[in-house]
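Let me begin by presenting the structure, written as structure tokens, before commenting on it.
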Amino acid sequence: MHGCNGRMGQVISGLAAEDGEVQLVAGVDVFDDGHNPYPVFSNIRDCSLEADCIIDFSTAGALDELLDYCEEQRVPCVLCTTGLSEEQLQRVQQVSERVAVLRSANMSLGVNLLFGLVKKAAAVLAPAGFDMEIVERHHNQKIDAPSGTALALADSINEELDRAYEYVYDRSGRRMKRPKKEIGISAVRGGTIVGEHDVIFAGTDEVVTISHTAYSRAVFAKGAVQAAKFLAGKPAGMYDMSNVIEAVLS
């Protein structure tokens, strides 16, 4: 578990302890007070224990070393960290040519179904003149904004529309009417909100809103554990949660 002492790392640790099919053999985190039932290393290169898969819920700053390790040791990785740079995304793609990597902006089953729903809605509503906005809400400790899930939702819509739309994150400096070919993305940070995403299709005299609300981090942790089970032993390549869903349904 890479990032084992973060909030998500601890939730995953708890779930893994109750899952008879999974065993956490080691953790990696810069902070440790010795409370975990497995050894914790401050640097992944100090870990000498073998694993079938790594689950990463850390920070973008820790990603480069993790990817180097996975590539060198040929250890599959479930990559859940968001806020990655374009250079890091390119590096993820490179590593996936040598080892299995599963990357998803959001690990929950509901959100991954949402990606398909917004595509279908955009295909019908955008040509009919509906404006599209995404509003995401998270707790006040979240570092990146907008969320990776919000960007993935925007990408799902834009892919359906031949990438004809631009993303707008802030209108405070603009004195103009809203252009048609844009997707507005707004981020709210406050309190202990686990995660909320609203995709708004606003037309003349009617509004369609597709929403997802996570009430606990367990929904993401369950998805990450399921993804690790799926990825262990898989050949090199880039995978996502749609592959996990297909495997569960098959």
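Quick note on naming: the chains in the structure tokens go A, B, ... in the order shown, residues restart at 1 in each chain, and ligands are numbered from 1 in order of appearance.
All residues within stretch 110-207 of chain A that the backbone DSSP calculation assigns to alpha helix (DSSP H) are A:Gly110, A:Val111, A:Asn112, A:Leu113, A:Leu114, A:Phe115, A:Gly116, A:Leu117, A:Val118, A:Lys119, A:Lys120, A:Ala121, A:Ala122, A:Ala123, A:Val124, A:Leu125, A:Gly148, A:Thr149, A:Ala150, A:Leu151, A:Ala152, A:Leu153, A:Ala154, A:Asp155, A:Ser156, A:Ile157, A:Asn158, A:Glu159, A:Glu160.
Every protein or nucleic acid residue with an atom no more than 6 Å from stretch 85-98 of chain A, counting only C-alpha atoms and leaving out same-chain residues fewer than 2 positions away, appears here: Glu71, Ala100, Val101, Ala236, Gly237 and Met238 of chain A.
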Save out the residues we just selected, N, CA, C and O atoms, as a CSV table (one decimal), in the first residue's frame.
chain,number,residue,atom,x,y,z
A,71,GLU,N,8.4,-0.3,-12.8
A,71,GLU,CA,9.0,-0.7,-14.1
A,71,GLU,C,10.2,-1.6,-13.9
A,71,GLU,O,10.3,-2.7,-14.6
A,100,ALA,N,1.8,-4.1,-16.0
A,100,ALA,CA,0.3,-3.7,-15.9
A,100,ALA,C,0.1,-2.5,-15.0
A,100,ALA,O,0.6,-2.5,-13.9
A,101,VAL,N,-0.6,-1.5,-15.5
A,101,VAL,CA,-1.0,-0.4,-14.8
A,101,VAL,C,-2.5,-0.1,-14.9
A,101,VAL,O,-3.0,-0.1,-16.1
A,236,ALA,N,1.5,-6.8,-19.3
A,236,ALA,CA,1.7,-5.3,-19.4
A,236,ALA,C,0.6,-4.7,-20.2
A,236,ALA,O,0.1,-5.3,-21.2
A,237,GLY,N,0.3,-3.5,-19.8
A,237,GLY,CA,-0.8,-2.7,-20.6
A,237,GLY,C,-1.4,-1.7,-19.7
A,237,GLY,O,-1.2,-1.7,-18.4
A,238,MET,N,-2.2,-0.8,-20.3
A,238,MET,CA,-3.0,0.2,-19.5
A,238,MET,C,-4.4,-0.3,-19.3
A,238,MET,O,-5.1,-0.6,-20.3
A:Glu133 surroundings by only C-alpha atoms, 12 Å radius, close-in-sequence under 2 positions cut, as a ChimeraX atom specification: /A:118,122,126,130-131,135-136,150-151,153-154,157,165-169,178,180-187,197-203,207-211
Please produce, as a tab-separated table, a per-residue contact table for stretch 58-164 of chain A versus stretch 27-48 of chain A (criterion: any atom at most 9 Å away, only C-alpha atoms considered), showing the nearest atom pair and its distance in Å to one decimal, sorted by chain then residue number.
residue	atom	partner	partner_atom	distance
A:Ser58	CA	A:Asp29	CA	8.3
A:Glu65	CA	A:Ile44	CA	7.9
A:Leu66	CA	A:Ile44	CA	7.0
A:Tyr69	CA	A:Arg45	CA	7.1
Atoms to include: C-alpha atoms. Write the selected residues as a short mmCIF file (atom, residue, chain, number, x, y, z; two decimals), in the first residue's frame.
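The file below, part_24.cif, is the result:
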data_model
loop_
_atom_site.label_atom_id
_atom_site.label_comp_id
_atom_site.auth_asym_id
_atom_site.auth_seq_id
_atom_site.Cartn_x
_atom_site.Cartn_y
_atom_site.Cartn_z
CA SER A 58 -0.31 8.97 -2.33
CA GLU A 65 9.82 7.05 -7.88
CA LEU A 66 6.89 4.64 -7.66
CA TYR A 69 10.14 0.94 -9.03
#
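Relative to atom CA of A:Ile193, atom CA of A:Ser216 is found at 9.0 Å.
Between atom CA of A:Cys53 and atom CA of A:Val75 lies a distance of 5.8 Å.
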Nearest to A:Ala218 by atom-to-atom distance, counting only C-alpha atoms, from A:Ala17, A:Cys77, A:Val11, A:Leu102: A:Val11
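The interatomic distance for the pair atom CA of A:Glu50 and atom CA of A:Ser250 works out to 29.6 Å.
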DSSP-assigned strand (DSSP E) among stretch 36-160 of chain A, expressed as a ChimeraX atom specification: /A:40-41,54-56,77-79,100-103,131-138
